[in-house]
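Q: Dropping the structure in here first, questions after.
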Amino acid sequence: MPRISPHGTWTSPVTAADAAAAGGGAQWLAAVDGALWWAEARPAEGGRVALVRALPDGGVEDVLPAPWNVRNRVHEYGGRPWLAVDGVVVFTHWADQRVYALKAGTGGEVTPLTPEPATPQGVRYGDLRPGRAGEVWAVRERSTGPRRTDISRELVAIPLDGSAERVLVEGHRFFTAPQLSPDGAHAAWLAWDHPAMPWDGTELFVAPVAADGSFGDARVLAGGPEVAVCQVAWETADQLLVLADPDGWWNLHRVGLDGATVNLAPVERELGGPMWKLGTSWFAPLGGGKHAVLDSGKPAILDESDGSVTRVDTELTVWSSVGLVATADGIAGIAGGPRHESAVVVLDPDTGKWRARTPQPASLPPAEYLPVPRERVFTGPDGADIPAYVFPPTNPDFVAPEGELPPYVVHVHGGPTGHSDESLDLDFAYFTSRGIGVVAVNYGGSTGYGRAFRERLREQWGVVDVRDCAAVAEALVAEGIADRARLGVRGGSAGGFTSAASITMTRTYAAATVKFPILDFAGWTGEGGETHDFESQYLVSMVGPYPETAQRYRERSPMTHVGSLAGPVLFLQGLEDEICPPDQADRFVSEIDGSGIPHAYLRFEGEQHGFRKAETIVAALEAELSFYGQVFGFETPDVPRLELSR
C-alpha cells in the first residue's frame with residue numbers, strides 16, 4: 001500500500017547521479033563507410049566529448065583516447081566538430097580549438113592541421129565539411145580585439161597535408177554549411193549579418209569554383225531578410241535541397257542554379273528549426289523521391305509523389321537535429337521519448353521498429369517512477385494558445401495527505417528561440433518522483449509552431465514569455481492541480497532571465513531557480529560587452545533597437561527590480577561562461593545581500609554555459625531540491641542542506 005507523506009518528502013530511486021549520467025549522450029552523428037560514428041559527451045570524464053564508432057558486432061569503441069575532447073566554441077555553442085574524409089579523421093580539440101588529423105596507418109598518431117593561435121583559443125573552427133580533394137572546409141572564427149564582440153569569420157579550406165589554410169569567402173558576419181557540388185564546379189554556403197539571427201533571415205549563396213580552388217562571383221539563390229534557410233545540401237550538380245520558410249513554415253524545397261524553386265511538400269508544419277549550432281540537420285534524402293524529415297522534432301517521411309509528410313508511428317518521439325542519417329536499413333538518428341533516454345538508433349520507417357546502437361543505461365530508474373507528460377494547450381490572457389507539457393508528481397510508493405495539493409515548478413526553456421518537448425528528463429523526474437510537479441511551457445516565441453508564433457516575442461521579450469508562463473501556472477491552480485502558495489519557476493540562460501523577471505515583476509511565484517542568466521539587457525548588447533558576438537544584437541529583435549529603446553531595456557531587466565523580489569531565489573552559475581558571464585549574477589546577488597530575502601549563489605569552476613561535469617550537475621540538483629524544501633516547507637533529509645543567506 002502507498003504510504004501517506006507530504007509532497008516533496010517522497011523517497012525516490014531517481015538520484016541526482018542518475019540525472020548527471022543522463023546529461024551526456026550522443027551528438028553529431030554521421031555514417032563513415034557504412035558505419036555509424038558520433039561524438040559522445042561524458043559528464044563522468046569532466047564533460048569531455050569523445051569520438052566513438054559502432055562496431056559490426058553491436059559494440060562501440062572510442063576512436064580517440066582521452067584527453068582528446070572533440071568540441072569547439074564557434075559561436076560559443078559550437079558546430080560540427082569532426083569529419084572522416086579520404087581515410088583521415090579530422091576534428092577540433094577543445095583545449096586549444098585547433099583542427100587535428102588522425103590518419104590511417106599511423107598507429108594512432110594525431111597531428112595538428114592548423115597553427116597554434118597567438119592567444120589561447122583565439123582562433124576557433126567548426127562545421128567541418130568535405131572540400132576539394134585533400135582538404136576540409138570549415139568556418140573559422142578569430143578574436144580580433146579585447147572585447148567579446150571583436151570577432152571576424154570566414155570560410156576556409158584546411159589542407160590535410162598540414163600546409164597553410166586559405167580563405168574561401170569573407171565579407172559577412174556569419175557563415176555556415178560550405179559545400180562543394182558533386183561535379184566540383186560550384187560551392188554553396190549560408191551567410192547572414194547583424195542584427196539578424198539565423199532564424200530571422202539567412203541567404204543561400206552559390207559561386208563557381210575555379211581550377212585553382214578559388215571562388216568566382218557569388219549570387220543569392222534563396223533566403224533573405226525575412227526568410228530563414230536552416231539547411232542546404234547538393235542533390236545534383238545543378239540542384240540543391242533547401243529547408244526554408246518563405247511561407248512562414250520551414251518546408252523542404254528544391255532550388256536550381258537558375259533560381260527555380262519548388263516546395264516539395266507544402267505543409268503548415270515545421271520541418272526545420274533554429275540554427276543554434278552550425279552543422280545541424282533536419283532532413284536526409286532516402287531516394288526515390290522520399291526524404292526523412294523531422295516534423296517538429298518527430299520522424300516523418302516526405303513523399304514528393306503526393307506532397308505528403310507522414311509521421312512514423314514510433315515511441316521515439318523526440319529526435320535531435322545533430323545527426324539524421326539515411327542508412328541501408330532505415331533512418332539513423334539520436335532519439336528518445338517519454339520512456340526512453342536519448343540514444344543512437346536505427347529506425348525502420350515502415351514498421352516503426354527500432355534498435356539502439358548506444359549501450360542503454362543499466363541504472364535507468366523503473367518506469368513507474370518516471371512521469372508521463374501530458375501535452376496541453378492553455379489560453380493566455382490575450383486569447384493566444386500556450387502549448388505546454390505537464391509532468392505530474394509520480395511515485396507508486398506514496399500518496400499525499402488528503403486535500404494537499406502539490407507544489408509545481410514552471411520550467412522555462414532557453415533560447416528564447418527554443419522549445420520544450422515530452423522527452424524523458426531525469427532532472428524533471430528527480431522532482432516529480434519526490435512529489436513536486438513540473439510544467440514545461442512553450443511560451444510565445446518558441447519554435448515548432450511556425451514563424452508567426454515565433455515572432456510573438458518580437459520586441460516583447462520580458463512581456464509575452466513572463467505572461468504566458470504565469471498564465472499556465474495560474475491555470476493549474478484554477479484547475480485544482482497545483483498549490484497556489486507553492487509555485488516556483490526555474491530556467492537557464494534565456495530561461496534564467498524569464499525566471500528572474502517572473503520573481504521580480506509578478507507575484508505568481510514563491511521561489512525561483514535562476515541558472516546562468518541574463519539579468520541586465522543593456523549589458524547584454526554589443527555596446528554593453530557582457531555577452532558573446534553571436535547574440536550581441538539578438539535583443540534588437542527581441543526588445544528593440546538600442547539605445548533608441550533604452551528605457552524599455554531598463555524596465556524589462558530584472559536587475560532594475562532587485563528590490564521587488566517576490567520570494568527567495570537560487571542562482572547557479574558557471575565561472576567560464578562566455579555567453580552569460582557571471583558578472584551580472586554577481587551584481588544581482590550583491591544587491592540582495594543584506595536585504596532579508598533568503599537566497600543562495602553557487603558558482604562552479606570549470607563550467608561554461610550549461611553544466612557538463614557530473615559533480616556540478618549533482619550539486620546543482622541537490623541544492624535546488626533543498627531550496628524548494630526550505631521555501632515550500634518540507635524536509636529534504638536525503639540531500640545536503642543548502643545554506644541560505646539573507
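Each chain in the C-alpha cells gets a letter, A, B, ..., in the order shown, and its residues are numbered from 1; ligands are numbered from 1 in order too.
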Identify all residues of stretch 404-545 of chain A in strand (DSSP E) (DSSP on the backbone) and supply them as a ChimeraX atom specification.
A: /A:408-412,437-441,487-493,511-517
Q: Tell me, as a ChimeraX atom specification, which residues lie within 10 Å of stretch 295-303 of chain A, counting only C-alpha atoms; anything in the same chain fewer than 6 positions away does not count.
A: /A:250-252,264-265,269-273,282-286,288-289,309-314,316-321,324,331,333,335,337,347,349-350,352,421,447-450
Q: Rank nothing, just name the residue among A:Gly201, A:Gly122, A:Pro416, A:Gly435 nearest to A:Ala494, using only C-alpha atoms.
A: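 Residue with the minimum atom-to-atom distance to A:Ala494: A:Pro416.
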Q: May I have the residues within 9 Å of stretch 370-373 of chain A as number ranges by chain, using only C-alpha atoms and disregarding those fewer than 5 positions away in the same chain?
A: A: 14, 338-339, 365, 389-395, 422-426, 428-430, 432-433, 439
Q: Deliver the residues from the most recent selection as a file, using N, CA and C atoms, as a PDB file, in the first residue's frame.
A:
ATOM      1  N   VAL A  14      15.173   7.761  -8.083  1.00  0.00           N
ATOM      2  CA  VAL A  14      15.757   8.666  -9.078  1.00  0.00           C
ATOM      3  C   VAL A  14      16.727   9.597  -8.358  1.00  0.00           C
ATOM      4  N   PRO A 338       9.294   9.763 -23.986  1.00  0.00           N
ATOM      5  CA  PRO A 338       8.932   9.845 -22.568  1.00  0.00           C
ATOM      6  C   PRO A 338       9.422   8.675 -21.735  1.00  0.00           C
ATOM      7  N   ARG A 339       9.666   7.526 -22.374  1.00  0.00           N
ATOM      8  CA  ARG A 339      10.095   6.343 -21.642  1.00  0.00           C
ATOM      9  C   ARG A 339      11.485   5.862 -22.057  1.00  0.00           C
ATOM     10  N   PRO A 365      16.036   4.501 -13.883  1.00  0.00           N
ATOM     11  CA  PRO A 365      15.043   4.221 -12.838  1.00  0.00           C
ATOM     12  C   PRO A 365      13.841   3.470 -13.401  1.00  0.00           C
ATOM     13  N   TYR A 389       3.866  21.091 -21.579  1.00  0.00           N
ATOM     14  CA  TYR A 389       3.890  19.695 -21.158  1.00  0.00           C
ATOM     15  C   TYR A 389       3.849  19.659 -19.640  1.00  0.00           C
ATOM     16  N   VAL A 390       2.853  18.960 -19.105  1.00  0.00           N
ATOM     17  CA  VAL A 390       2.683  18.849 -17.660  1.00  0.00           C
ATOM     18  C   VAL A 390       3.258  17.511 -17.205  1.00  0.00           C
ATOM     19  N   PHE A 391       4.216  17.564 -16.282  1.00  0.00           N
ATOM     20  CA  PHE A 391       4.836  16.375 -15.708  1.00  0.00           C
ATOM     21  C   PHE A 391       4.351  16.264 -14.261  1.00  0.00           C
ATOM     22  N   PRO A 392       3.362  15.425 -13.994  1.00  0.00           N
ATOM     23  CA  PRO A 392       2.761  15.388 -12.661  1.00  0.00           C
ATOM     24  C   PRO A 392       3.622  14.621 -11.659  1.00  0.00           C
ATOM     25  N   PRO A 393       3.426  14.853 -10.362  1.00  0.00           N
ATOM     26  CA  PRO A 393       4.099  14.033  -9.350  1.00  0.00           C
ATOM     27  C   PRO A 393       3.805  12.555  -9.604  1.00  0.00           C
ATOM     28  N   THR A 394       4.850  11.726  -9.572  1.00  0.00           N
ATOM     29  CA  THR A 394       4.706  10.314  -9.945  1.00  0.00           C
ATOM     30  C   THR A 394       5.591   9.451  -9.061  1.00  0.00           C
ATOM     31  N   ASN A 395       4.964   8.661  -8.188  1.00  0.00           N
ATOM     32  CA  ASN A 395       5.707   7.730  -7.346  1.00  0.00           C
ATOM     33  C   ASN A 395       4.710   6.710  -6.803  1.00  0.00           C
ATOM     34  N   GLU A 422       8.444  16.440 -24.907  1.00  0.00           N
ATOM     35  CA  GLU A 422       7.984  15.412 -23.971  1.00  0.00           C
ATOM     36  C   GLU A 422       9.038  14.373 -23.659  1.00  0.00           C
ATOM     37  N   SER A 423      10.295  14.617 -24.014  1.00  0.00           N
ATOM     38  CA  SER A 423      11.335  13.614 -23.818  1.00  0.00           C
ATOM     39  C   SER A 423      11.574  13.336 -22.336  1.00  0.00           C
ATOM     40  N   LEU A 424      12.086  12.142 -22.075  1.00  0.00           N
ATOM     41  CA  LEU A 424      12.438  11.757 -20.717  1.00  0.00           C
ATOM     42  C   LEU A 424      13.509  12.708 -20.195  1.00  0.00           C
ATOM     43  N   ASP A 425      13.226  13.348 -19.083  1.00  0.00           N
ATOM     44  CA  ASP A 425      14.148  14.302 -18.475  1.00  0.00           C
ATOM     45  C   ASP A 425      14.313  13.899 -17.015  1.00  0.00           C
ATOM     46  N   LEU A 426      15.474  13.354 -16.680  1.00  0.00           N
ATOM     47  CA  LEU A 426      15.670  12.875 -15.316  1.00  0.00           C
ATOM     48  C   LEU A 426      15.807  14.016 -14.319  1.00  0.00           C
ATOM     49  N   PHE A 428      13.649  16.477 -14.375  1.00  0.00           N
ATOM     50  CA  PHE A 428      12.233  16.590 -14.010  1.00  0.00           C
ATOM     51  C   PHE A 428      11.823  15.419 -13.113  1.00  0.00           C
ATOM     52  N   ALA A 429      12.234  14.199 -13.501  1.00  0.00           N
ATOM     53  CA  ALA A 429      11.851  13.023 -12.721  1.00  0.00           C
ATOM     54  C   ALA A 429      12.415  13.079 -11.311  1.00  0.00           C
ATOM     55  N   TYR A 430      13.552  13.700 -11.135  1.00  0.00           N
ATOM     56  CA  TYR A 430      14.136  13.878  -9.803  1.00  0.00           C
ATOM     57  C   TYR A 430      13.156  14.613  -8.894  1.00  0.00           C
ATOM     58  N   THR A 432       9.626  15.176  -9.762  1.00  0.00           N
ATOM     59  CA  THR A 432       8.273  14.607  -9.774  1.00  0.00           C
ATOM     60  C   THR A 432       8.182  13.341  -8.928  1.00  0.00           C
ATOM     61  N   SER A 433       9.256  12.559  -8.872  1.00  0.00           N
ATOM     62  CA  SER A 433       9.226  11.336  -8.070  1.00  0.00           C
ATOM     63  C   SER A 433       9.274  11.640  -6.579  1.00  0.00           C
ATOM     64  N   VAL A 439       5.920  21.827 -14.970  1.00  0.00           N
ATOM     65  CA  VAL A 439       5.249  22.121 -16.228  1.00  0.00           C
ATOM     66  C   VAL A 439       6.216  22.903 -17.109  1.00  0.00           C
TER      67      VAL A 439
END
Q: Would you pick out the contacts of A:Pro387 at 9 Å or less, using only C-alpha atoms, so that residues sharing its chain but fewer than 3 positions from it are not included, and give the list as a compact mmCIF listing (two decimals) with N, CA and C atoms, in the first residue's frame?
A:
# COMPACT_ATOMS: atom_id res chain seq x y z
N GLU A 375 0.48 16.51 -22.77
CA GLU A 375 0.56 17.66 -23.67
C GLU A 375 -0.72 18.47 -23.53
N ARG A 376 -0.58 19.74 -23.23
CA ARG A 376 -1.72 20.61 -23.02
C ARG A 376 -1.56 21.88 -23.86
N VAL A 377 -2.69 22.53 -24.11
CA VAL A 377 -2.68 23.86 -24.71
C VAL A 377 -3.52 24.75 -23.81
N PHE A 378 -2.88 25.73 -23.20
CA PHE A 378 -3.56 26.67 -22.32
C PHE A 378 -3.90 27.93 -23.12
N THR A 379 -4.72 28.77 -22.55
CA THR A 379 -5.11 30.01 -23.21
C THR A 379 -4.57 31.19 -22.42
N ALA A 440 6.49 22.36 -18.31
CA ALA A 440 7.41 22.97 -19.26
C ALA A 440 6.59 23.75 -20.29
N VAL A 441 6.80 25.05 -20.35
CA VAL A 441 5.93 25.95 -21.13
C VAL A 441 6.61 26.35 -22.44
N ASN A 442 5.89 26.20 -23.53
CA ASN A 442 6.34 26.74 -24.82
C ASN A 442 5.63 28.08 -25.05
N TYR A 443 6.16 29.07 -24.41
CA TYR A 443 5.59 30.42 -24.46
C TYR A 443 5.73 31.02 -25.86
N GLY A 444 5.01 32.10 -26.11
CA GLY A 444 5.11 32.78 -27.39
C GLY A 444 6.55 33.12 -27.71
Q: Using atom CA of A:Met197 and atom CA of A:Tyr538 as the two end points, give the distance in Å to one decimal.
A: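 These two atoms are separated by 6.6 Å.
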Q: Between atom CA of A:Ala292 and atom CA of A:Glu304, what is the spacing in Å?
A: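 Rounded to one decimal, the two atoms are 11.5 Å apart.
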Q: Under the rule of at most 10 Å, produce a per-residue listing of stretch 317-414 of chain A near stretch 498-520 of chain A: chain, number, name, the closest pair of atoms, and the distance in Å, as CSV, using only C-alpha atoms.
A:
residue,atom,partner,partner_atom,distance
A:Tyr408,CA,A:Tyr509,CA,9.7
A:Val409,CA,A:Ala512,CA,8.7
A:Val410,CA,A:Ser499,CA,8.8
A:His411,CA,A:Ser499,CA,8.6
A:Val412,CA,A:Thr498,CA,7.1
A:His413,CA,A:Thr498,CA,9.2
A:Gly414,CA,A:Thr498,CA,9.1
Q: I need the residues from that last selection saved to file as a short mmCIF file (atom, residue, chain, number, x, y, z; two decimals), in the first residue's frame (with N, CA and C atoms), if you can.
A:
data_model
loop_
_atom_site.label_atom_id
_atom_site.label_comp_id
_atom_site.auth_asym_id
_atom_site.auth_seq_id
_atom_site.Cartn_x
_atom_site.Cartn_y
_atom_site.Cartn_z
N TYR A 408 4.28 23.08 -7.61
CA TYR A 408 4.60 22.96 -9.03
C TYR A 408 5.67 23.98 -9.39
N VAL A 409 6.59 23.54 -10.27
CA VAL A 409 7.64 24.42 -10.76
C VAL A 409 7.45 24.60 -12.26
N VAL A 410 7.38 25.85 -12.70
CA VAL A 410 7.31 26.16 -14.13
C VAL A 410 8.72 26.13 -14.69
N HIS A 411 8.96 25.25 -15.66
CA HIS A 411 10.27 25.19 -16.32
C HIS A 411 10.23 26.06 -17.57
N VAL A 412 11.18 26.98 -17.67
CA VAL A 412 11.25 27.90 -18.80
C VAL A 412 12.45 27.51 -19.67
N HIS A 413 12.19 27.13 -20.91
CA HIS A 413 13.30 26.72 -21.78
C HIS A 413 14.17 27.90 -22.16
N GLY A 414 15.37 27.60 -22.64
CA GLY A 414 16.31 28.63 -23.05
C GLY A 414 16.03 29.12 -24.45
#
Q: I'd like the neighbourhood of A:Gly529 as a list in words, where a residue qualifies if any of its atoms comes within 10 Å (using only C-alpha atoms), though same-chain residues fewer than 4 positions away should be ignored.
A: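 So, after excluding close chain neighbours, the residues are Arg147, Arg148, Thr149, Asp150, Ala522, Gly523, Trp524, Thr525, Asp533 and Ser536 of chain A.
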Q: Kindly export the residues of the current selection with N, CA and C atoms, as a CSV table (one decimal), in the first residue's frame.
A:
chain,number,residue,atom,x,y,z
A,147,ARG,N,37.4,42.9,-26.8
A,147,ARG,CA,36.0,42.8,-26.5
A,147,ARG,C,35.5,41.4,-26.9
A,148,ARG,N,34.5,40.9,-26.3
A,148,ARG,CA,33.9,39.7,-26.7
A,148,ARG,C,33.3,39.7,-28.1
A,149,THR,N,33.0,40.9,-28.6
A,149,THR,CA,32.4,41.1,-29.9
A,149,THR,C,33.4,41.5,-31.0
A,150,ASP,N,34.7,41.5,-30.6
A,150,ASP,CA,35.8,41.7,-31.6
A,150,ASP,C,36.1,40.4,-32.3
A,522,ALA,N,20.8,45.9,-21.0
A,522,ALA,CA,21.7,46.9,-21.5
A,522,ALA,C,23.2,46.4,-21.6
A,523,GLY,N,23.5,45.6,-20.6
A,523,GLY,CA,24.9,45.0,-20.6
A,523,GLY,C,25.0,43.8,-21.6
A,524,TRP,N,23.8,43.2,-22.0
A,524,TRP,CA,23.8,42.1,-22.9
A,524,TRP,C,23.7,42.5,-24.3
A,525,THR,N,24.5,43.5,-24.7
A,525,THR,CA,24.5,44.0,-26.1
A,525,THR,C,25.9,44.2,-26.6
A,533,ASP,N,29.6,37.5,-29.3
A,533,ASP,CA,29.3,38.2,-30.6
A,533,ASP,C,28.0,37.6,-31.2
A,536,SER,N,25.0,39.2,-29.6
A,536,SER,CA,25.2,40.6,-29.1
A,536,SER,C,24.2,41.5,-29.7
Q: State, in Å with one decimal place, the distance from atom CA of A:Phe634 to atom CA of A:Gly8.
A: 6.2 Å
Q: With distances taken over only C-alpha atoms, which residue among A:Gly610, A:Arg646, A:Val255, A:Leu625 lies nearest A:Ser595?
A: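 Residue with the minimum atom-to-atom distance to A:Ser595: A:Arg646.
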Q: With a distance cut-off of 12 Å and only C-alpha atoms, select the neighbouring residues of A:Leu243, excluding the residue or stretch itself and same-chain residues fewer than 3 positions from it, and output the selection as number ranges by chain.
A: A: 190, 199, 202-204, 222-223, 227-233, 240, 246-255, 261-266, 270-275, 280-284, 293-294
Q: Take the residues from that selection and put them in a file with C-alpha atoms, as a PDB file, in the first residue's frame.
A:
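Saved to again25.pdb:
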ATOM      1  CA  LEU A 190      24.813  30.237 -45.997  1.00  0.00           C
ATOM      2  CA  TRP A 199      16.108  32.082 -37.735  1.00  0.00           C
ATOM      3  CA  THR A 202      19.762  33.985 -43.976  1.00  0.00           C
ATOM      4  CA  GLU A 203      20.912  33.847 -47.584  1.00  0.00           C
ATOM      5  CA  LEU A 204      21.953  30.845 -49.671  1.00  0.00           C
ATOM      6  CA  ALA A 222      17.327  31.647 -51.762  1.00  0.00           C
ATOM      7  CA  GLY A 223      16.614  33.315 -48.444  1.00  0.00           C
ATOM      8  CA  VAL A 227      13.340  34.123 -44.977  1.00  0.00           C
ATOM      9  CA  ALA A 228      15.480  31.740 -42.938  1.00  0.00           C
ATOM     10  CA  VAL A 229      17.328  28.915 -44.660  1.00  0.00           C
ATOM     11  CA  CYS A 230      18.381  26.426 -41.979  1.00  0.00           C
ATOM     12  CA  GLN A 231      19.826  23.541 -44.030  1.00  0.00           C
ATOM     13  CA  VAL A 232      21.099  23.054 -47.549  1.00  0.00           C
ATOM     14  CA  ALA A 233      22.534  20.053 -49.419  1.00  0.00           C
ATOM     15  CA  LEU A 240      20.036  21.834 -54.146  1.00  0.00           C
ATOM     16  CA  PRO A 246       9.237  31.758 -47.247  1.00  0.00           C
ATOM     17  CA  ASP A 247       5.626  30.863 -46.397  1.00  0.00           C
ATOM     18  CA  GLY A 248       6.082  31.028 -42.634  1.00  0.00           C
ATOM     19  CA  TRP A 249       6.945  27.351 -42.082  1.00  0.00           C
ATOM     20  CA  TRP A 250      10.247  25.549 -42.587  1.00  0.00           C
ATOM     21  CA  ASN A 251       9.499  23.320 -45.588  1.00  0.00           C
ATOM     22  CA  LEU A 252      11.772  21.392 -47.936  1.00  0.00           C
ATOM     23  CA  HIS A 253      12.393  22.981 -51.350  1.00  0.00           C
ATOM     24  CA  ARG A 254      14.311  22.054 -54.469  1.00  0.00           C
ATOM     25  CA  VAL A 255      16.258  25.017 -55.866  1.00  0.00           C
ATOM     26  CA  THR A 261      12.213  26.827 -56.646  1.00  0.00           C
ATOM     27  CA  VAL A 262       9.649  24.111 -55.847  1.00  0.00           C
ATOM     28  CA  ASN A 263       8.204  23.372 -52.415  1.00  0.00           C
ATOM     29  CA  LEU A 264       8.291  19.560 -52.306  1.00  0.00           C
ATOM     30  CA  ALA A 265       5.514  19.269 -49.713  1.00  0.00           C
ATOM     31  CA  PRO A 266       3.736  22.485 -48.730  1.00  0.00           C
ATOM     32  CA  GLU A 270       7.974  22.938 -39.105  1.00  0.00           C
ATOM     33  CA  LEU A 271      10.365  20.561 -40.867  1.00  0.00           C
ATOM     34  CA  GLY A 272      13.347  22.632 -39.773  1.00  0.00           C
ATOM     35  CA  GLY A 273      14.449  24.574 -36.741  1.00  0.00           C
ATOM     36  CA  PRO A 274      16.701  27.272 -35.334  1.00  0.00           C
ATOM     37  CA  MET A 275      20.419  27.052 -36.104  1.00  0.00           C
ATOM     38  CA  THR A 280      22.610  20.727 -37.701  1.00  0.00           C
ATOM     39  CA  SER A 281      20.335  18.699 -39.991  1.00  0.00           C
ATOM     40  CA  TRP A 282      16.605  18.107 -40.178  1.00  0.00           C
ATOM     41  CA  PHE A 283      16.349  16.088 -43.410  1.00  0.00           C
ATOM     42  CA  ALA A 284      18.126  13.249 -45.196  1.00  0.00           C
ATOM     43  CA  VAL A 293      12.467  14.764 -42.163  1.00  0.00           C
ATOM     44  CA  LEU A 294      11.930  15.923 -38.609  1.00  0.00           C
TER      45      LEU A 294
END
Q: Tell me which protein, DNA and RNA residues are within 12 Å of A:Gly480, counting only C-alpha atoms, leaving out same-chain ones fewer than 3 positions away, and put them as a ChimeraX atom specification.
A: /A:403-408,473-477,483-484
Q: Could you write those residues out with all heavy atoms, as an mmCIF file, in the first residue's frame?
A:
data_model
loop_
_atom_site.group_PDB
_atom_site.id
_atom_site.type_symbol
_atom_site.label_atom_id
_atom_site.label_comp_id
_atom_site.auth_asym_id
_atom_site.auth_seq_id
_atom_site.Cartn_x
_atom_site.Cartn_y
_atom_site.Cartn_z
ATOM 1 N N GLY A 403 -6.399 16.213 0.520
ATOM 2 C CA GLY A 403 -6.600 17.652 0.411
ATOM 3 C C GLY A 403 -5.338 18.447 0.133
ATOM 4 O O GLY A 403 -5.419 19.652 -0.155
ATOM 5 N N GLU A 404 -4.146 17.804 0.195
ATOM 6 C CA GLU A 404 -2.911 18.558 -0.051
ATOM 7 C C GLU A 404 -2.616 18.608 -1.551
ATOM 8 O O GLU A 404 -2.521 17.573 -2.216
ATOM 9 C CB GLU A 404 -1.714 17.942 0.669
ATOM 10 C CG GLU A 404 -0.459 18.804 0.506
ATOM 11 C CD GLU A 404 0.830 18.083 0.890
ATOM 12 O OE1 GLU A 404 1.054 16.945 0.416
ATOM 13 O OE2 GLU A 404 1.609 18.662 1.644
ATOM 14 N N LEU A 405 -2.472 19.801 -2.078
ATOM 15 C CA LEU A 405 -2.092 19.980 -3.475
ATOM 16 C C LEU A 405 -0.573 20.048 -3.581
ATOM 17 O O LEU A 405 0.104 20.547 -2.670
ATOM 18 C CB LEU A 405 -2.704 21.257 -4.037
ATOM 19 C CG LEU A 405 -4.228 21.264 -4.190
ATOM 20 C CD1 LEU A 405 -4.702 22.653 -4.621
ATOM 21 C CD2 LEU A 405 -4.672 20.215 -5.203
ATOM 22 N N PRO A 406 -0.013 19.574 -4.691
ATOM 23 C CA PRO A 406 1.445 19.565 -4.816
ATOM 24 C C PRO A 406 2.015 20.926 -5.186
ATOM 25 O O PRO A 406 1.356 21.736 -5.844
ATOM 26 C CB PRO A 406 1.680 18.573 -5.952
ATOM 27 C CG PRO A 406 0.464 18.670 -6.798
ATOM 28 C CD PRO A 406 -0.674 18.913 -5.835
ATOM 29 N N PRO A 407 3.257 21.178 -4.770
ATOM 30 C CA PRO A 407 3.972 22.322 -5.343
ATOM 31 C C PRO A 407 4.245 22.046 -6.817
ATOM 32 O O PRO A 407 4.392 20.886 -7.220
ATOM 33 C CB PRO A 407 5.269 22.374 -4.537
ATOM 34 C CG PRO A 407 5.430 21.033 -3.936
ATOM 35 C CD PRO A 407 4.074 20.419 -3.827
ATOM 36 N N TYR A 408 4.277 23.083 -7.606
ATOM 37 C CA TYR A 408 4.604 22.963 -9.031
ATOM 38 C C TYR A 408 5.675 23.977 -9.391
ATOM 39 O O TYR A 408 5.674 25.109 -8.889
ATOM 40 C CB TYR A 408 3.367 23.194 -9.902
ATOM 41 C CG TYR A 408 2.801 21.922 -10.486
ATOM 42 C CD1 TYR A 408 1.942 21.123 -9.745
ATOM 43 C CD2 TYR A 408 3.143 21.507 -11.772
ATOM 44 C CE1 TYR A 408 1.418 19.944 -10.270
ATOM 45 C CE2 TYR A 408 2.624 20.329 -12.305
ATOM 46 C CZ TYR A 408 1.763 19.555 -11.550
ATOM 47 O OH TYR A 408 1.255 18.392 -12.077
ATOM 48 N N ALA A 473 0.785 28.671 -14.993
ATOM 49 C CA ALA A 473 0.824 28.393 -13.554
ATOM 50 C C ALA A 473 -0.519 28.703 -12.906
ATOM 51 O O ALA A 473 -1.047 27.905 -12.106
ATOM 52 C CB ALA A 473 1.938 29.208 -12.900
ATOM 53 N N GLU A 474 -1.112 29.835 -13.255
ATOM 54 C CA GLU A 474 -2.406 30.217 -12.671
ATOM 55 C C GLU A 474 -3.510 29.259 -13.106
ATOM 56 O O GLU A 474 -4.432 28.951 -12.338
ATOM 57 C CB GLU A 474 -2.757 31.649 -13.083
ATOM 58 C CG GLU A 474 -1.783 32.715 -12.585
ATOM 59 C CD GLU A 474 -1.937 33.008 -11.100
ATOM 60 O OE1 GLU A 474 -2.875 32.475 -10.479
ATOM 61 O OE2 GLU A 474 -1.104 33.752 -10.568
ATOM 62 N N ALA A 475 -3.421 28.743 -14.345
ATOM 63 C CA ALA A 475 -4.429 27.796 -14.817
ATOM 64 C C ALA A 475 -4.351 26.490 -14.030
ATOM 65 O O ALA A 475 -5.386 25.890 -13.695
ATOM 66 C CB ALA A 475 -4.235 27.534 -16.304
ATOM 67 N N LEU A 476 -3.139 26.033 -13.723
ATOM 68 C CA LEU A 476 -3.001 24.809 -12.932
ATOM 69 C C LEU A 476 -3.584 24.995 -11.534
ATOM 70 O O LEU A 476 -4.177 24.074 -10.965
ATOM 71 C CB LEU A 476 -1.528 24.400 -12.852
ATOM 72 C CG LEU A 476 -0.878 23.936 -14.159
ATOM 73 C CD1 LEU A 476 0.593 23.607 -13.931
ATOM 74 C CD2 LEU A 476 -1.605 22.732 -14.738
ATOM 75 N N VAL A 477 -3.429 26.180 -10.991
ATOM 76 C CA VAL A 477 -4.036 26.480 -9.685
ATOM 77 C C VAL A 477 -5.560 26.475 -9.804
ATOM 78 O O VAL A 477 -6.267 25.858 -8.995
ATOM 79 C CB VAL A 477 -3.528 27.827 -9.157
ATOM 80 C CG1 VAL A 477 -4.340 28.267 -7.930
ATOM 81 C CG2 VAL A 477 -2.045 27.748 -8.805
ATOM 82 N N ASP A 483 -0.685 23.879 -5.965
ATOM 83 C CA ASP A 483 -0.855 24.682 -4.757
ATOM 84 C C ASP A 483 -0.413 26.114 -5.052
ATOM 85 O O ASP A 483 0.758 26.355 -5.348
ATOM 86 C CB ASP A 483 -0.008 24.078 -3.633
ATOM 87 C CG ASP A 483 -0.175 24.787 -2.298
ATOM 88 O OD1 ASP A 483 -0.776 25.871 -2.259
ATOM 89 O OD2 ASP A 483 0.319 24.248 -1.293
ATOM 90 N N ARG A 484 -1.341 27.044 -4.961
ATOM 91 C CA ARG A 484 -1.016 28.435 -5.280
ATOM 92 C C ARG A 484 0.132 28.971 -4.434
ATOM 93 O O ARG A 484 0.959 29.757 -4.910
ATOM 94 C CB ARG A 484 -2.245 29.323 -5.088
ATOM 95 C CG ARG A 484 -1.959 30.805 -5.343
ATOM 96 C CD ARG A 484 -3.204 31.663 -5.219
ATOM 97 N NE ARG A 484 -4.177 31.366 -6.252
ATOM 98 C CZ ARG A 484 -4.104 31.834 -7.499
ATOM 99 N NH1 ARG A 484 -3.086 32.602 -7.861
ATOM 100 N NH2 ARG A 484 -5.024 31.525 -8.378
#
Q: Under the rule that only C-alpha atoms are counted, which of A:Ala101, A:Val345, A:Cys469, A:Val618 is the nearest residue to A:Leu29?
A: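 Ranking A:Ala101, A:Val345, A:Cys469, A:Val618 by distance to A:Leu29, first place goes to A:Val345.
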